[in-house]
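Enquirer: I am sharing run-v7.pdb, which consists of PDB, N, CA and C atoms:
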ATOM      1  N   MET A   3     -91.421   0.548  15.804  1.00  0.00           N
ATOM      2  CA  MET A   3     -91.138   0.477  14.383  1.00  0.00           C
ATOM      3  C   MET A   3     -89.908   1.325  14.074  1.00  0.00           C
ATOM      4  N   ASN A   4     -88.924   0.716  13.412  1.00  0.00           N
ATOM      5  CA  ASN A   4     -87.706   1.428  13.045  1.00  0.00           C
ATOM      6  C   ASN A   4     -87.865   2.072  11.672  1.00  0.00           C
ATOM      7  N   VAL A   5     -87.569   3.339  11.623  1.00  0.00           N
ATOM      8  CA  VAL A   5     -87.629   4.078  10.364  1.00  0.00           C
ATOM      9  C   VAL A   5     -86.206   4.148   9.810  1.00  0.00           C
ATOM     10  N   PRO A   6     -86.001   3.663   8.572  1.00  0.00           N
ATOM     11  CA  PRO A   6     -84.644   3.719   8.027  1.00  0.00           C
ATOM     12  C   PRO A   6     -84.193   5.170   7.860  1.00  0.00           C
ATOM     13  N   THR A   7     -82.934   5.410   8.152  1.00  0.00           N
ATOM     14  CA  THR A   7     -82.393   6.752   7.979  1.00  0.00           C
ATOM     15  C   THR A   7     -81.839   6.892   6.569  1.00  0.00           C
ATOM     16  N   SER A   8     -81.802   8.100   6.099  1.00  0.00           N
ATOM     17  CA  SER A   8     -81.230   8.359   4.778  1.00  0.00           C
ATOM     18  C   SER A   8     -79.724   8.199   4.857  1.00  0.00           C
ATOM     19  N   PRO A   9     -79.141   7.610   3.825  1.00  0.00           N
ATOM     20  CA  PRO A   9     -77.682   7.457   3.845  1.00  0.00           C
ATOM     21  C   PRO A   9     -76.993   8.815   3.738  1.00  0.00           C
ATOM     22  N   THR A  10     -75.860   8.913   4.362  1.00  0.00           N
ATOM     23  CA  THR A  10     -75.084  10.151   4.293  1.00  0.00           C
ATOM     24  C   THR A  10     -74.394  10.227   2.932  1.00  0.00           C
ATOM     25  N   PRO A  11     -73.984  11.421   2.547  1.00  0.00           N
ATOM     26  CA  PRO A  11     -73.237  11.537   1.282  1.00  0.00           C
ATOM     27  C   PRO A  11     -71.978  10.663   1.267  1.00  0.00           C
ATOM     28  N   ASN A  12     -71.307  10.545   2.408  1.00  0.00           N
ATOM     29  CA  ASN A  12     -70.115   9.690   2.480  1.00  0.00           C
ATOM     30  C   ASN A  12     -70.471   8.227   2.239  1.00  0.00           C
ATOM     31  N   GLU A  13     -71.577   7.790   2.799  1.00  0.00           N
ATOM     32  CA  GLU A  13     -72.024   6.405   2.610  1.00  0.00           C
ATOM     33  C   GLU A  13     -72.389   6.158   1.144  1.00  0.00           C
ATOM     34  N   ILE A  14     -73.055   7.121   0.536  1.00  0.00           N
ATOM     35  CA  ILE A  14     -73.412   6.992  -0.888  1.00  0.00           C
ATOM     36  C   ILE A  14     -72.136   6.912  -1.727  1.00  0.00           C
ATOM     37  N   ASP A  15     -71.169   7.773  -1.443  1.00  0.00           N
ATOM     38  CA  ASP A  15     -69.900   7.745  -2.180  1.00  0.00           C
ATOM     39  C   ASP A  15     -69.192   6.407  -1.999  1.00  0.00           C
ATOM     40  N   ARG A  16     -69.208   5.874  -0.783  1.00  0.00           N
ATOM     41  CA  ARG A  16     -68.574   4.584  -0.511  1.00  0.00           C
ATOM     42  C   ARG A  16     -69.242   3.476  -1.299  1.00  0.00           C
ATOM     43  N   LEU A  17     -70.579   3.491  -1.332  1.00  0.00           N
ATOM     44  CA  LEU A  17     -71.316   2.462  -2.058  1.00  0.00           C
ATOM     45  C   LEU A  17     -71.098   2.563  -3.561  1.00  0.00           C
ATOM     46  N   VAL A  18     -71.057   3.778  -4.079  1.00  0.00           N
ATOM     47  CA  VAL A  18     -70.784   3.970  -5.511  1.00  0.00           C
ATOM     48  C   VAL A  18     -69.392   3.451  -5.848  1.00  0.00           C
ATOM     49  N   ALA A  19     -68.419   3.760  -5.020  1.00  0.00           N
ATOM     50  CA  ALA A  19     -67.053   3.281  -5.255  1.00  0.00           C
ATOM     51  C   ALA A  19     -66.997   1.754  -5.188  1.00  0.00           C
ATOM     52  N   GLU A  20     -67.725   1.171  -4.256  1.00  0.00           N
ATOM     53  CA  GLU A  20     -67.767  -0.286  -4.131  1.00  0.00           C
ATOM     54  C   GLU A  20     -68.391  -0.913  -5.379  1.00  0.00           C
ATOM     55  N   LEU A  21     -69.461  -0.320  -5.877  1.00  0.00           N
ATOM     56  CA  LEU A  21     -70.082  -0.819  -7.108  1.00  0.00           C
ATOM     57  C   LEU A  21     -69.143  -0.678  -8.305  1.00  0.00           C
ATOM     58  N   ASP A  22     -68.415   0.425  -8.365  1.00  0.00           N
ATOM     59  CA  ASP A  22     -67.448   0.614  -9.448  1.00  0.00           C
ATOM     60  C   ASP A  22     -66.370  -0.469  -9.415  1.00  0.00           C
ATOM     61  N   ARG A  23     -65.865  -0.772  -8.223  1.00  0.00           N
ATOM     62  CA  ARG A  23     -64.839  -1.824  -8.092  1.00  0.00           C
ATOM     63  C   ARG A  23     -65.404  -3.181  -8.478  1.00  0.00           C
ATOM     64  N   ALA A  24     -66.620  -3.452  -8.057  1.00  0.00           N
ATOM     65  CA  ALA A  24     -67.239  -4.738  -8.384  1.00  0.00           C
ATOM     66  C   ALA A  24     -67.470  -4.860  -9.890  1.00  0.00           C
ATOM     67  N   GLU A  25     -67.881  -3.780 -10.525  1.00  0.00           N
ATOM     68  CA  GLU A  25     -68.095  -3.804 -11.970  1.00  0.00           C
ATOM     69  C   GLU A  25     -66.780  -4.013 -12.720  1.00  0.00           C
ATOM     70  N   ALA A  26     -65.721  -3.347 -12.287  1.00  0.00           N
ATOM     71  CA  ALA A  26     -64.409  -3.526 -12.920  1.00  0.00           C
ATOM     72  C   ALA A  26     -63.923  -4.961 -12.745  1.00  0.00           C
ATOM     73  N   TYR A  27     -64.155  -5.520 -11.567  1.00  0.00           N
ATOM     74  CA  TYR A  27     -63.784  -6.917 -11.298  1.00  0.00           C
ATOM     75  C   TYR A  27     -64.533  -7.849 -12.247  1.00  0.00           C
ATOM     76  N   GLU A  28     -65.830  -7.644 -12.377  1.00  0.00           N
ATOM     77  CA  GLU A  28     -66.635  -8.493 -13.255  1.00  0.00           C
ATOM     78  C   GLU A  28     -66.170  -8.386 -14.703  1.00  0.00           C
ATOM     79  N   GLN A  29     -65.904  -7.175 -15.158  1.00  0.00           N
ATOM     80  CA  GLN A  29     -65.452  -6.982 -16.534  1.00  0.00           C
ATOM     81  C   GLN A  29     -64.122  -7.675 -16.782  1.00  0.00           C
ATOM     82  N   ARG A  30     -63.211  -7.573 -15.834  1.00  0.00           N
ATOM     83  CA  ARG A  30     -61.898  -8.229 -15.983  1.00  0.00           C
ATOM     84  C   ARG A  30     -62.066  -9.743 -16.015  1.00  0.00           C
ATOM     85  N   LEU A  31     -62.917 -10.268 -15.158  1.00  0.00           N
ATOM     86  CA  LEU A  31     -63.155 -11.706 -15.120  1.00  0.00           C
ATOM     87  C   LEU A  31     -63.778 -12.186 -16.430  1.00  0.00           C
ATOM     88  N   ARG A  32     -64.732 -11.445 -16.947  1.00  0.00           N
ATOM     89  CA  ARG A  32     -65.334 -11.791 -18.245  1.00  0.00           C
ATOM     90  C   ARG A  32     -64.281 -11.780 -19.357  1.00  0.00           C
ATOM     91  N   GLN A  33     -63.363 -10.803 -19.301  1.00  0.00           N
ATOM     92  CA  GLN A  33     -62.321 -10.736 -20.324  1.00  0.00           C
ATOM     93  C   GLN A  33     -61.395 -11.946 -20.239  1.00  0.00           C
ATOM     94  N   TYR A  34     -61.094 -12.403 -19.026  1.00  0.00           N
ATOM     95  CA  TYR A  34     -60.317 -13.634 -18.882  1.00  0.00           C
ATOM     96  C   TYR A  34     -60.994 -14.770 -19.647  1.00  0.00           C
ATOM     97  N   PHE A  35     -62.310 -14.927 -19.455  1.00  0.00           N
ATOM     98  CA  PHE A  35     -63.026 -16.034 -20.088  1.00  0.00           C
ATOM     99  C   PHE A  35     -63.031 -15.907 -21.603  1.00  0.00           C
ATOM    100  N   VAL A  36     -63.201 -14.698 -22.103  1.00  0.00           N
ATOM    101  CA  VAL A  36     -63.179 -14.476 -23.552  1.00  0.00           C
ATOM    102  C   VAL A  36     -61.807 -14.862 -24.103  1.00  0.00           C
ATOM    103  N   ASP A  37     -60.756 -14.398 -23.439  1.00  0.00           N
ATOM    104  CA  ASP A  37     -59.396 -14.694 -23.894  1.00  0.00           C
ATOM    105  C   ASP A  37     -59.081 -16.187 -23.816  1.00  0.00           C
ATOM    106  N   ILE A  38     -59.530 -16.831 -22.761  1.00  0.00           N
ATOM    107  CA  ILE A  38     -59.278 -18.269 -22.588  1.00  0.00           C
ATOM    108  C   ILE A  38     -60.006 -19.062 -23.665  1.00  0.00           C
ATOM    109  N   ARG A  39     -61.248 -18.715 -23.944  1.00  0.00           N
ATOM    110  CA  ARG A  39     -61.992 -19.405 -25.012  1.00  0.00           C
ATOM    111  C   ARG A  39     -61.294 -19.247 -26.362  1.00  0.00           C
ATOM    112  N   ALA A  40     -60.827 -18.042 -26.646  1.00  0.00           N
ATOM    113  CA  ALA A  40     -60.136 -17.796 -27.916  1.00  0.00           C
ATOM    114  C   ALA A  40     -58.849 -18.613 -27.994  1.00  0.00           C
ATOM    115  N   THR A  41     -58.148 -18.717 -26.895  1.00  0.00           N
ATOM    116  CA  THR A  41     -56.914 -19.499 -26.856  1.00  0.00           C
ATOM    117  C   THR A  41     -57.207 -20.980 -27.073  1.00  0.00           C
ATOM    118  N   LEU A  42     -58.258 -21.469 -26.440  1.00  0.00           N
ATOM    119  CA  LEU A  42     -58.662 -22.870 -26.647  1.00  0.00           C
ATOM    120  C   LEU A  42     -59.076 -23.110 -28.097  1.00  0.00           C
ATOM    121  N   ALA A  43     -59.823 -22.179 -28.653  1.00  0.00           N
ATOM    122  CA  ALA A  43     -60.270 -22.306 -30.043  1.00  0.00           C
ATOM    123  C   ALA A  43     -59.087 -22.341 -31.003  1.00  0.00           C
ATOM    124  N   ALA A  44     -58.008 -21.673 -30.623  1.00  0.00           N
ATOM    125  CA  ALA A  44     -56.810 -21.668 -31.455  1.00  0.00           C
ATOM    126  C   ALA A  44     -55.979 -22.936 -31.254  1.00  0.00           C
ATOM    127  N   GLY A  45     -56.434 -23.812 -30.343  1.00  0.00           N
ATOM    128  CA  GLY A  45     -55.745 -25.084 -30.131  1.00  0.00           C
ATOM    129  C   GLY A  45     -54.594 -25.042 -29.154  1.00  0.00           C
ATOM    130  N   HIS A  46     -54.551 -24.032 -28.318  1.00  0.00           N
ATOM    131  CA  HIS A  46     -53.449 -23.882 -27.362  1.00  0.00           C
ATOM    132  C   HIS A  46     -53.930 -24.229 -25.950  1.00  0.00           C
ATOM    133  N   ALA A  47     -54.145 -25.500 -25.714  1.00  0.00           N
ATOM    134  CA  ALA A  47     -54.714 -25.952 -24.435  1.00  0.00           C
ATOM    135  C   ALA A  47     -53.800 -25.638 -23.256  1.00  0.00           C
ATOM    136  N   ALA A  48     -52.509 -25.835 -23.407  1.00  0.00           N
ATOM    137  CA  ALA A  48     -51.581 -25.585 -22.297  1.00  0.00           C
ATOM    138  C   ALA A  48     -51.583 -24.108 -21.918  1.00  0.00           C
ATOM    139  N   THR A  49     -51.616 -23.238 -22.913  1.00  0.00           N
ATOM    140  CA  THR A  49     -51.663 -21.798 -22.642  1.00  0.00           C
ATOM    141  C   THR A  49     -52.985 -21.432 -21.973  1.00  0.00           C
ATOM    142  N   ALA A  50     -54.074 -22.032 -22.440  1.00  0.00           N
ATOM    143  CA  ALA A  50     -55.387 -21.771 -21.839  1.00  0.00           C
ATOM    144  C   ALA A  50     -55.404 -22.203 -20.375  1.00  0.00           C
ATOM    145  N   LEU A  51     -54.778 -23.322 -20.073  1.00  0.00           N
ATOM    146  CA  LEU A  51     -54.714 -23.789 -18.688  1.00  0.00           C
ATOM    147  C   LEU A  51     -53.936 -22.796 -17.829  1.00  0.00           C
ATOM    148  N   SER A  52     -52.851 -22.294 -18.375  1.00  0.00           N
ATOM    149  CA  SER A  52     -52.070 -21.290 -17.656  1.00  0.00           C
ATOM    150  C   SER A  52     -52.906 -20.031 -17.416  1.00  0.00           C
ATOM    151  N   MET A  53     -53.674 -19.649 -18.418  1.00  0.00           N
ATOM    152  CA  MET A  53     -54.546 -18.477 -18.280  1.00  0.00           C
ATOM    153  C   MET A  53     -55.629 -18.719 -17.234  1.00  0.00           C
ATOM    154  N   LEU A  54     -56.147 -19.938 -17.174  1.00  0.00           N
ATOM    155  CA  LEU A  54     -57.136 -20.270 -16.140  1.00  0.00           C
ATOM    156  C   LEU A  54     -56.524 -20.145 -14.749  1.00  0.00           C
ATOM    157  N   ASN A  55     -55.290 -20.598 -14.610  1.00  0.00           N
ATOM    158  CA  ASN A  55     -54.609 -20.460 -13.321  1.00  0.00           C
ATOM    159  C   ASN A  55     -54.433 -18.991 -12.958  1.00  0.00           C
ATOM    160  N   GLU A  56     -54.121 -18.175 -13.955  1.00  0.00           N
ATOM    161  CA  GLU A  56     -53.998 -16.730 -13.721  1.00  0.00           C
ATOM    162  C   GLU A  56     -55.344 -16.143 -13.289  1.00  0.00           C
ATOM    163  N   ALA A  57     -56.424 -16.592 -13.930  1.00  0.00           N
ATOM    164  CA  ALA A  57     -57.761 -16.115 -13.556  1.00  0.00           C
ATOM    165  C   ALA A  57     -58.101 -16.519 -12.123  1.00  0.00           C
ATOM    166  N   LEU A  58     -57.744 -17.732 -11.745  1.00  0.00           N
ATOM    167  CA  LEU A  58     -57.992 -18.178 -10.369  1.00  0.00           C
ATOM    168  C   LEU A  58     -57.210 -17.335  -9.371  1.00  0.00           C
ATOM    169  N   SER A  59     -55.984 -17.003  -9.712  1.00  0.00           N
ATOM    170  CA  SER A  59     -55.191 -16.132  -8.836  1.00  0.00           C
ATOM    171  C   SER A  59     -55.839 -14.758  -8.718  1.00  0.00           C
ATOM    172  N   PHE A  60     -56.356 -14.267  -9.835  1.00  0.00           N
ATOM    173  CA  PHE A  60     -57.052 -12.980  -9.827  1.00  0.00           C
ATOM    174  C   PHE A  60     -58.253 -13.036  -8.889  1.00  0.00           C
ATOM    175  N   ILE A  61     -59.004 -14.126  -8.949  1.00  0.00           N
ATOM    176  CA  ILE A  61     -60.162 -14.293  -8.070  1.00  0.00           C
ATOM    177  C   ILE A  61     -59.712 -14.346  -6.615  1.00  0.00           C
ATOM    178  N   ASP A  62     -58.677 -15.136  -6.338  1.00  0.00           N
ATOM    179  CA  ASP A  62     -58.172 -15.244  -4.965  1.00  0.00           C
ATOM    180  C   ASP A  62     -57.680 -13.906  -4.431  1.00  0.00           C
ATOM    181  N   ASP A  63     -57.008 -13.143  -5.297  1.00  0.00           N
ATOM    182  CA  ASP A  63     -56.455 -11.859  -4.863  1.00  0.00           C
ATOM    183  C   ASP A  63     -57.524 -10.796  -4.661  1.00  0.00           C
ATOM    184  N   ALA A  64     -58.698 -10.997  -5.239  1.00  0.00           N
ATOM    185  CA  ALA A  64     -59.744  -9.986  -5.198  1.00  0.00           C
ATOM    186  C   ALA A  64     -60.860 -10.331  -4.217  1.00  0.00           C
ATOM    187  N   THR A  65     -60.575 -11.114  -3.193  1.00  0.00           N
ATOM    188  CA  THR A  65     -61.637 -11.510  -2.262  1.00  0.00           C
ATOM    189  C   THR A  65     -62.273 -10.328  -1.567  1.00  0.00           C
ATOM    190  N   ASP A  66     -61.535  -9.220  -1.393  1.00  0.00           N
ATOM    191  CA  ASP A  66     -62.124  -8.054  -0.743  1.00  0.00           C
ATOM    192  C   ASP A  66     -63.214  -7.422  -1.596  1.00  0.00           C
ATOM    193  N   VAL A  67     -63.143  -7.610  -2.913  1.00  0.00           N
ATOM    194  CA  VAL A  67     -64.199  -7.110  -3.786  1.00  0.00           C
ATOM    195  C   VAL A  67     -65.423  -8.006  -3.675  1.00  0.00           C
ATOM    196  N   VAL A  68     -65.176  -9.298  -3.620  1.00  0.00           N
ATOM    197  CA  VAL A  68     -66.266 -10.263  -3.587  1.00  0.00           C
ATOM    198  C   VAL A  68     -66.920 -10.317  -2.207  1.00  0.00           C
ATOM    199  N   ALA A  69     -66.119 -10.357  -1.164  1.00  0.00           N
ATOM    200  CA  ALA A  69     -66.634 -10.459   0.197  1.00  0.00           C
ATOM    201  C   ALA A  69     -65.751  -9.613   1.116  1.00  0.00           C
ATOM    202  N   PRO A  70     -66.116  -8.359   1.325  1.00  0.00           N
ATOM    203  CA  PRO A  70     -65.292  -7.493   2.168  1.00  0.00           C
ATOM    204  C   PRO A  70     -65.080  -8.091   3.562  1.00  0.00           C
ATOM    205  N   HIS A  71     -63.890  -7.904   4.069  1.00  0.00           N
ATOM    206  CA  HIS A  71     -63.535  -8.414   5.400  1.00  0.00           C
ATOM    207  C   HIS A  71     -63.307  -7.238   6.321  1.00  0.00           C
ATOM    208  N   PRO A  72     -63.642  -7.409   7.599  1.00  0.00           N
ATOM    209  CA  PRO A  72     -63.384  -6.325   8.547  1.00  0.00           C
ATOM    210  C   PRO A  72     -61.875  -6.141   8.721  1.00  0.00           C
ATOM    211  N   PRO A  73     -61.443  -4.979   9.172  1.00  0.00           N
ATOM    212  CA  PRO A  73     -60.010  -4.771   9.422  1.00  0.00           C
ATOM    213  C   PRO A  73     -59.487  -5.797  10.403  1.00  0.00           C
ATOM    214  N   ALA A  74     -58.236  -6.156  10.273  1.00  0.00           N
ATOM    215  CA  ALA A  74     -57.626  -7.198  11.110  1.00  0.00           C
ATOM    216  C   ALA A  74     -57.728  -6.868  12.597  1.00  0.00           C
ATOM    217  N   ALA A  75     -57.653  -5.602  12.954  1.00  0.00           N
ATOM    218  CA  ALA A  75     -57.697  -5.212  14.367  1.00  0.00           C
ATOM    219  C   ALA A  75     -59.043  -5.554  15.005  1.00  0.00           C
ATOM    220  N   SER A  76     -60.120  -5.559  14.216  1.00  0.00           N
ATOM    221  CA  SER A  76     -61.432  -5.857  14.786  1.00  0.00           C
ATOM    222  C   SER A  76     -61.845  -7.297  14.560  1.00  0.00           C
ATOM    223  N   ASN A  77     -60.921  -8.109  14.022  1.00  0.00           N
ATOM    224  CA  ASN A  77     -61.212  -9.512  13.752  1.00  0.00           C
ATOM    225  C   ASN A  77     -60.215 -10.369  14.517  1.00  0.00           C
ATOM    226  N   PRO A  78     -60.524 -10.723  15.766  1.00  0.00           N
ATOM    227  CA  PRO A  78     -59.562 -11.464  16.587  1.00  0.00           C
ATOM    228  C   PRO A  78     -59.284 -12.869  16.053  1.00  0.00           C
ATOM    229  N   ALA A  79     -60.144 -13.417  15.232  1.00  0.00           N
ATOM    230  CA  ALA A  79     -59.925 -14.771  14.699  1.00  0.00           C
ATOM    231  C   ALA A  79     -58.897 -14.783  13.592  1.00  0.00           C
ATOM    232  N   ALA A  80     -58.549 -13.629  13.053  1.00  0.00           N
ATOM    233  CA  ALA A  80     -57.606 -13.559  11.919  1.00  0.00           C
ATOM    234  C   ALA A  80     -56.186 -13.778  12.351  1.00  0.00           C
TER     235      ALA A  80
END
Show the structure stored in the file as structure tokens.
Expert:
Amino acid sequence: MNVPTSPTPNEIDRLVAELDRAEAYEQRLRQYFVDIRATLAAGHAATALSMLNEALSFIDDATDVVAPHPPAASNPAA
């Protein structure tokens, strides 16, 4: 039977920082949606589409927040 070990203070700090980054990411993404809805409501469909593209770029650029990747040196498939 394996007994789980207590996390080290460094591990706790890392996890807290990771949660903080994830929360900031979520808040920014929610703000994109609020802004896009307001733009659509104002009748500016082309601007809203541009904002959606910006949101998609934000999502693409933030993949490390969503799904952390190992360093390139330890990932021979990269």
Enquirer: Please measure the separation of atom CA of A:Phe60 and atom CA of A:Leu42, giving the value in Å to one decimal.
Expert: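 Computing the Euclidean distance for atom CA of A:Phe60 and atom CA of A:Leu42 yields 19.6 Å.
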Enquirer: May I ask for the distance between atom CA of A:Ser59 and atom CA of A:Arg32, given in Å to one decimal place?
Expert: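 These two atoms are separated by 14.5 Å.
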Enquirer: Could you check how far atom C of A:Ala50 sits from atom CA of A:Asp62, in Å to one decimal?
Expert: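 Straight-line distance from atom C of A:Ala50 to atom CA of A:Asp62 works out to 17.1 Å.
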Enquirer: On this structure, which residues satisfy the PyMOL selection byres (((chain A and resi 51 and name CA) around 12) and name CA), written as a list in words?
Expert: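 This file gives the following for the PyMOL selection byres (((chain A and resi 51 and name CA) around 12) and name CA): Tyr34, Phe35, Asp37, Ile38, Arg39, Thr41, Leu42, Gly45, His46, Ala47, Ala48, Thr49, Ala50, Ser52, Met53, Leu54, Asn55, Glu56, Ala57 and Leu58 of chain A.
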Enquirer: Which residues come within 9 Å of stretch 22-31 of chain A, counting only C-alpha atoms, excluding same-chain residues fewer than 2 positions away, as a PyMOL selection string?
Expert: chain A and resi 17-20+33-36+57+60-61+64+67-68
